[in-house]
Amino acid sequence: MAAGTIRYWAAAKAAAGVAEEPYTAETLAEALDAAREKHPGELVRVLQRCSFLIDGDPVGTRSHETVRLAEGGTVEVLPPFAGG
């Protein structure tokens, strides 16, 4: 298992009630499942619309079960942003 940090932005931050928190998981799917358990309700809905960066790299359309997390890594949770 890898330990790192999940950072929530905008609507995800509001739904989680925290800006960041630690994770212990091997994959992005495991980290997000733990976040859903910890923050049931609005965060579960927000995560369905989010994009994710792992250590600065976009996850894109890859299956979250296949995205491995590194020790000391960072998962950025990015809801859709308006404006431009």
# chains A, B, ... in the order shown; residues from 1 in each chain; ligands from 1
call {"tool": "residues_around", "arguments": {"residues": "A:Arg62", "least_positions_apart": "5", "cutoff": "12 Å", "atoms": "only C-alpha atoms", "output": "list in words"}}
result
Thr27, Leu28, Ala29, Ser51, Phe52, Leu53, Ile54, Asp57, Val67 and Arg68 of chain A
call {"tool": "residues_around", "arguments": {"residues": "A:Ala12", "least_positions_apart": "4", "cutoff": "7 Å", "atoms": "only C-alpha atoms", "output": "PyMOL selection string"}}
result
chain A and resi 8+16+43+46+77+79
call {"tool": "closest_residue", "arguments": {"among": "A:Ala70, A:Ala14, A:Asp55, A:Leu78", "to": "A:Gly41", "atoms": "only C-alpha atoms"}}
result
A:Ala14
call {"tool": "atom_distance", "arguments": {"atom1": "atom CA of A:Met1", "atom2": "atom CA of A:Gly56"}}
result
20.1 Å
call {"tool": "residues_around", "arguments": {"residues": "A:Tyr23", "least_positions_apart": "4", "cutoff": "10 Å", "atoms": "only C-alpha atoms", "output": "list in words"}}
result
Met1, Ala2, Ala3, Gly4, Thr5, Ile6, Leu28, Glu30, Ala31, Leu32, Ala34, Ala35, Leu69, Gly72, Gly73, Thr74 and Val75 of chain A
call {"tool": "write_last_selection", "arguments": {"atoms": "all heavy atoms", "output": "CSV table (one decimal), in the first residue's frame"}}
result
chain,number,residue,atom,x,y,z
A,1,MET,N,0.8,-1.2,0.0
A,1,MET,CA,0.0,0.0,0.0
A,1,MET,C,0.9,1.3,0.0
A,1,MET,O,1.9,1.3,0.7
A,1,MET,CB,-0.9,0.0,1.2
A,1,MET,CG,-2.0,-1.0,1.3
A,1,MET,SD,-3.3,-0.5,0.2
A,1,MET,CE,-4.5,-1.7,0.6
A,2,ALA,N,0.5,2.2,-0.8
A,2,ALA,CA,1.2,3.5,-0.8
A,2,ALA,C,0.4,4.5,0.0
A,2,ALA,O,-0.8,4.5,0.1
A,2,ALA,CB,1.2,4.0,-2.3
A,3,ALA,N,1.1,5.4,0.7
A,3,ALA,CA,0.5,6.5,1.4
A,3,ALA,C,0.8,7.8,0.8
A,3,ALA,O,2.0,8.0,0.3
A,3,ALA,CB,1.1,6.5,2.9
A,4,GLY,N,-0.2,8.7,0.7
A,4,GLY,CA,0.0,10.0,0.0
A,4,GLY,C,-1.1,10.9,0.5
A,4,GLY,O,-1.7,10.8,1.5
A,5,THR,N,-1.3,11.9,-0.4
A,5,THR,CA,-2.3,13.0,-0.1
A,5,THR,C,-3.3,13.1,-1.2
A,5,THR,O,-2.9,13.1,-2.4
A,5,THR,CB,-1.5,14.3,0.1
A,5,THR,OG1,-0.6,14.2,1.1
A,5,THR,CG2,-2.5,15.4,0.5
A,6,ILE,N,-4.6,13.3,-0.8
A,6,ILE,CA,-5.6,13.7,-1.8
A,6,ILE,C,-5.9,15.1,-1.5
A,6,ILE,O,-6.1,15.6,-0.4
A,6,ILE,CB,-6.9,12.9,-1.6
A,6,ILE,CG1,-6.7,11.4,-1.8
A,6,ILE,CG2,-8.0,13.4,-2.5
A,6,ILE,CD1,-8.0,10.6,-1.6
A,28,LEU,N,-5.9,4.3,-7.7
A,28,LEU,CA,-6.8,5.5,-7.6
A,28,LEU,C,-8.2,5.0,-7.2
A,28,LEU,O,-8.8,5.7,-6.4
A,28,LEU,CB,-6.8,6.2,-9.0
A,28,LEU,CG,-7.8,7.4,-9.0
A,28,LEU,CD1,-7.5,8.5,-8.0
A,28,LEU,CD2,-7.8,8.0,-10.4
A,30,GLU,N,-9.1,2.6,-5.3
A,30,GLU,CA,-9.1,2.3,-3.8
A,30,GLU,C,-9.1,3.6,-3.0
A,30,GLU,O,-9.8,3.7,-2.1
A,30,GLU,CB,-7.9,1.4,-3.4
A,30,GLU,CG,-7.9,0.0,-3.9
A,30,GLU,CD,-6.7,-0.8,-3.6
A,30,GLU,OE1,-5.8,-0.2,-2.9
A,30,GLU,OE2,-6.6,-1.9,-4.1
A,31,ALA,N,-8.3,4.6,-3.5
A,31,ALA,CA,-8.3,5.9,-2.8
A,31,ALA,C,-9.6,6.6,-2.8
A,31,ALA,O,-10.1,7.1,-1.8
A,31,ALA,CB,-7.2,6.7,-3.3
A,32,LEU,N,-10.3,6.5,-4.0
A,32,LEU,CA,-11.5,7.2,-4.2
A,32,LEU,C,-12.6,6.4,-3.4
A,32,LEU,O,-13.5,7.1,-2.8
A,32,LEU,CB,-11.9,7.3,-5.6
A,32,LEU,CG,-11.0,8.2,-6.4
A,32,LEU,CD1,-11.4,8.2,-7.9
A,32,LEU,CD2,-11.0,9.6,-5.9
A,34,ALA,N,-12.2,4.9,-0.6
A,34,ALA,CA,-12.0,5.3,0.8
A,34,ALA,C,-12.6,6.7,1.1
A,34,ALA,O,-13.2,7.0,2.1
A,34,ALA,CB,-10.6,5.2,1.2
A,35,ALA,N,-12.4,7.6,0.1
A,35,ALA,CA,-12.9,9.0,0.2
A,35,ALA,C,-14.4,9.0,0.2
A,35,ALA,O,-15.0,9.7,1.0
A,35,ALA,CB,-12.4,9.8,-0.9
A,69,LEU,N,-0.8,4.1,-7.5
A,69,LEU,CA,-0.4,5.3,-6.7
A,69,LEU,C,1.0,5.0,-6.1
A,69,LEU,O,1.3,3.9,-5.7
A,69,LEU,CB,-1.4,5.6,-5.6
A,69,LEU,CG,-2.8,5.9,-6.1
A,69,LEU,CD1,-3.7,6.1,-4.9
A,69,LEU,CD2,-2.8,7.1,-7.0
A,72,GLY,N,4.1,8.5,-1.2
A,72,GLY,CA,4.3,10.0,-1.1
A,72,GLY,C,3.7,10.8,-2.2
A,72,GLY,O,3.9,12.0,-2.4
A,73,GLY,N,2.8,10.1,-3.0
A,73,GLY,CA,2.2,10.8,-4.1
A,73,GLY,C,1.0,11.7,-3.8
A,73,GLY,O,0.6,11.8,-2.6
A,74,THR,N,0.5,12.4,-4.8
A,74,THR,CA,-0.6,13.3,-4.6
A,74,THR,C,-1.6,13.1,-5.7
A,74,THR,O,-1.3,13.0,-6.8
A,74,THR,CB,-0.1,14.8,-4.8
A,74,THR,OG1,0.9,15.0,-3.8
A,74,THR,CG2,-1.2,15.8,-4.5
A,75,VAL,N,-2.9,13.0,-5.2
A,75,VAL,CA,-4.0,12.9,-6.1
A,75,VAL,C,-4.7,14.2,-6.0
A,75,VAL,O,-5.2,14.6,-5.0
A,75,VAL,CB,-5.0,11.7,-5.6
A,75,VAL,CG1,-6.3,11.7,-6.5
A,75,VAL,CG2,-4.3,10.4,-5.6
call {"tool": "select_by_dssp", "arguments": {"residues": "chain A", "states": "alpha helix (DSSP H)", "output": "MDAnalysis selection string"}}
result
chainID A and resid 10:16 28:38 42:47
call {"tool": "write_last_selection", "arguments": {"atoms": "N, CA, C and O atoms", "output": "compact mmCIF listing (two decimals), in the first residue's frame"}}
result
# COMPACT_ATOMS: atom_id res chain seq x y z
N ALA A 10 -12.24 23.25 -5.29
CA ALA A 10 -13.54 23.85 -5.59
C ALA A 10 -14.69 23.05 -4.97
O ALA A 10 -14.73 22.89 -3.76
N ALA A 11 -15.63 22.56 -5.80
CA ALA A 11 -16.81 21.86 -5.29
C ALA A 11 -16.44 20.59 -4.54
O ALA A 11 -17.12 20.20 -3.59
N ALA A 12 -15.36 19.93 -4.92
CA ALA A 12 -14.93 18.72 -4.21
C ALA A 12 -14.46 19.09 -2.80
O ALA A 12 -14.75 18.38 -1.84
N LYS A 13 -13.76 20.21 -2.68
CA LYS A 13 -13.31 20.68 -1.36
C LYS A 13 -14.51 21.00 -0.48
O LYS A 13 -14.55 20.64 0.70
N ALA A 14 -15.50 21.68 -1.03
CA ALA A 14 -16.70 22.01 -0.26
C ALA A 14 -17.45 20.74 0.16
O ALA A 14 -17.91 20.64 1.29
N ALA A 15 -17.55 19.77 -0.74
CA ALA A 15 -18.28 18.54 -0.43
C ALA A 15 -17.55 17.69 0.60
O ALA A 15 -18.18 17.06 1.46
N ALA A 16 -16.22 17.65 0.54
CA ALA A 16 -15.44 16.86 1.49
C ALA A 16 -15.32 17.56 2.84
O ALA A 16 -15.13 16.91 3.87
N LEU A 28 -5.90 4.34 -7.71
CA LEU A 28 -6.79 5.48 -7.61
C LEU A 28 -8.19 5.02 -7.21
O LEU A 28 -8.85 5.67 -6.39
N ALA A 29 -8.65 3.90 -7.74
CA ALA A 29 -9.98 3.39 -7.38
C ALA A 29 -10.09 3.15 -5.88
O ALA A 29 -11.10 3.52 -5.26
N GLU A 30 -9.07 2.55 -5.28
CA GLU A 30 -9.09 2.29 -3.84
C GLU A 30 -9.10 3.60 -3.04
O GLU A 30 -9.82 3.72 -2.05
N ALA A 31 -8.32 4.57 -3.46
CA ALA A 31 -8.26 5.85 -2.76
C ALA A 31 -9.62 6.56 -2.84
O ALA A 31 -10.09 7.12 -1.84
N LEU A 32 -10.25 6.52 -4.00
CA LEU A 32 -11.55 7.18 -4.16
C LEU A 32 -12.65 6.44 -3.40
O LEU A 32 -13.55 7.07 -2.84
N ASP A 33 -12.58 5.12 -3.35
CA ASP A 33 -13.55 4.35 -2.55
C ASP A 33 -13.46 4.75 -1.09
O ASP A 33 -14.48 4.93 -0.42
N ALA A 34 -12.24 4.89 -0.58
CA ALA A 34 -12.05 5.29 0.82
C ALA A 34 -12.58 6.71 1.05
O ALA A 34 -13.20 6.98 2.09
N ALA A 35 -12.37 7.60 0.10
CA ALA A 35 -12.89 8.97 0.23
C ALA A 35 -14.41 8.97 0.25
O ALA A 35 -15.03 9.70 1.02
N ARG A 36 -15.02 8.13 -0.58
CA ARG A 36 -16.49 8.04 -0.60
C ARG A 36 -17.03 7.52 0.73
O ARG A 36 -18.05 7.97 1.22
N GLU A 37 -16.35 6.55 1.30
CA GLU A 37 -16.75 6.01 2.61
C GLU A 37 -16.62 7.07 3.70
O GLU A 37 -17.48 7.18 4.58
N LYS A 38 -15.55 7.83 3.65
CA LYS A 38 -15.28 8.84 4.66
C LYS A 38 -16.22 10.04 4.55
O LYS A 38 -16.55 10.68 5.54
N GLU A 42 -22.69 14.36 -0.69
CA GLU A 42 -22.37 15.24 -1.81
C GLU A 42 -21.06 14.88 -2.51
O GLU A 42 -20.97 14.95 -3.74
N LEU A 43 -20.03 14.50 -1.76
CA LEU A 43 -18.75 14.17 -2.40
C LEU A 43 -18.90 13.00 -3.37
O LEU A 43 -18.30 13.00 -4.44
N VAL A 44 -19.72 12.04 -3.03
CA VAL A 44 -19.95 10.89 -3.92
C VAL A 44 -20.48 11.39 -5.27
O VAL A 44 -20.01 10.96 -6.33
N ARG A 45 -21.41 12.33 -5.26
CA ARG A 45 -21.95 12.89 -6.49
C ARG A 45 -20.92 13.74 -7.24
O ARG A 45 -20.79 13.66 -8.46
N VAL A 46 -20.17 14.54 -6.51
CA VAL A 46 -19.17 15.41 -7.13
C VAL A 46 -18.08 14.58 -7.81
O VAL A 46 -17.65 14.90 -8.93
N LEU A 47 -17.64 13.51 -7.18
CA LEU A 47 -16.56 12.69 -7.75
C LEU A 47 -16.92 12.10 -9.11
O LEU A 47 -16.03 11.85 -9.92
call {"tool": "atom_distance", "arguments": {"atom1": "atom CA of A:Cys50", "atom2": "atom CA of A:Thr24"}}
result
20.2 Å
call {"tool": "atom_distance", "arguments": {"atom1": "atom CA of A:His39", "atom2": "atom CA of A:Gly17"}}
result
8.5 Å
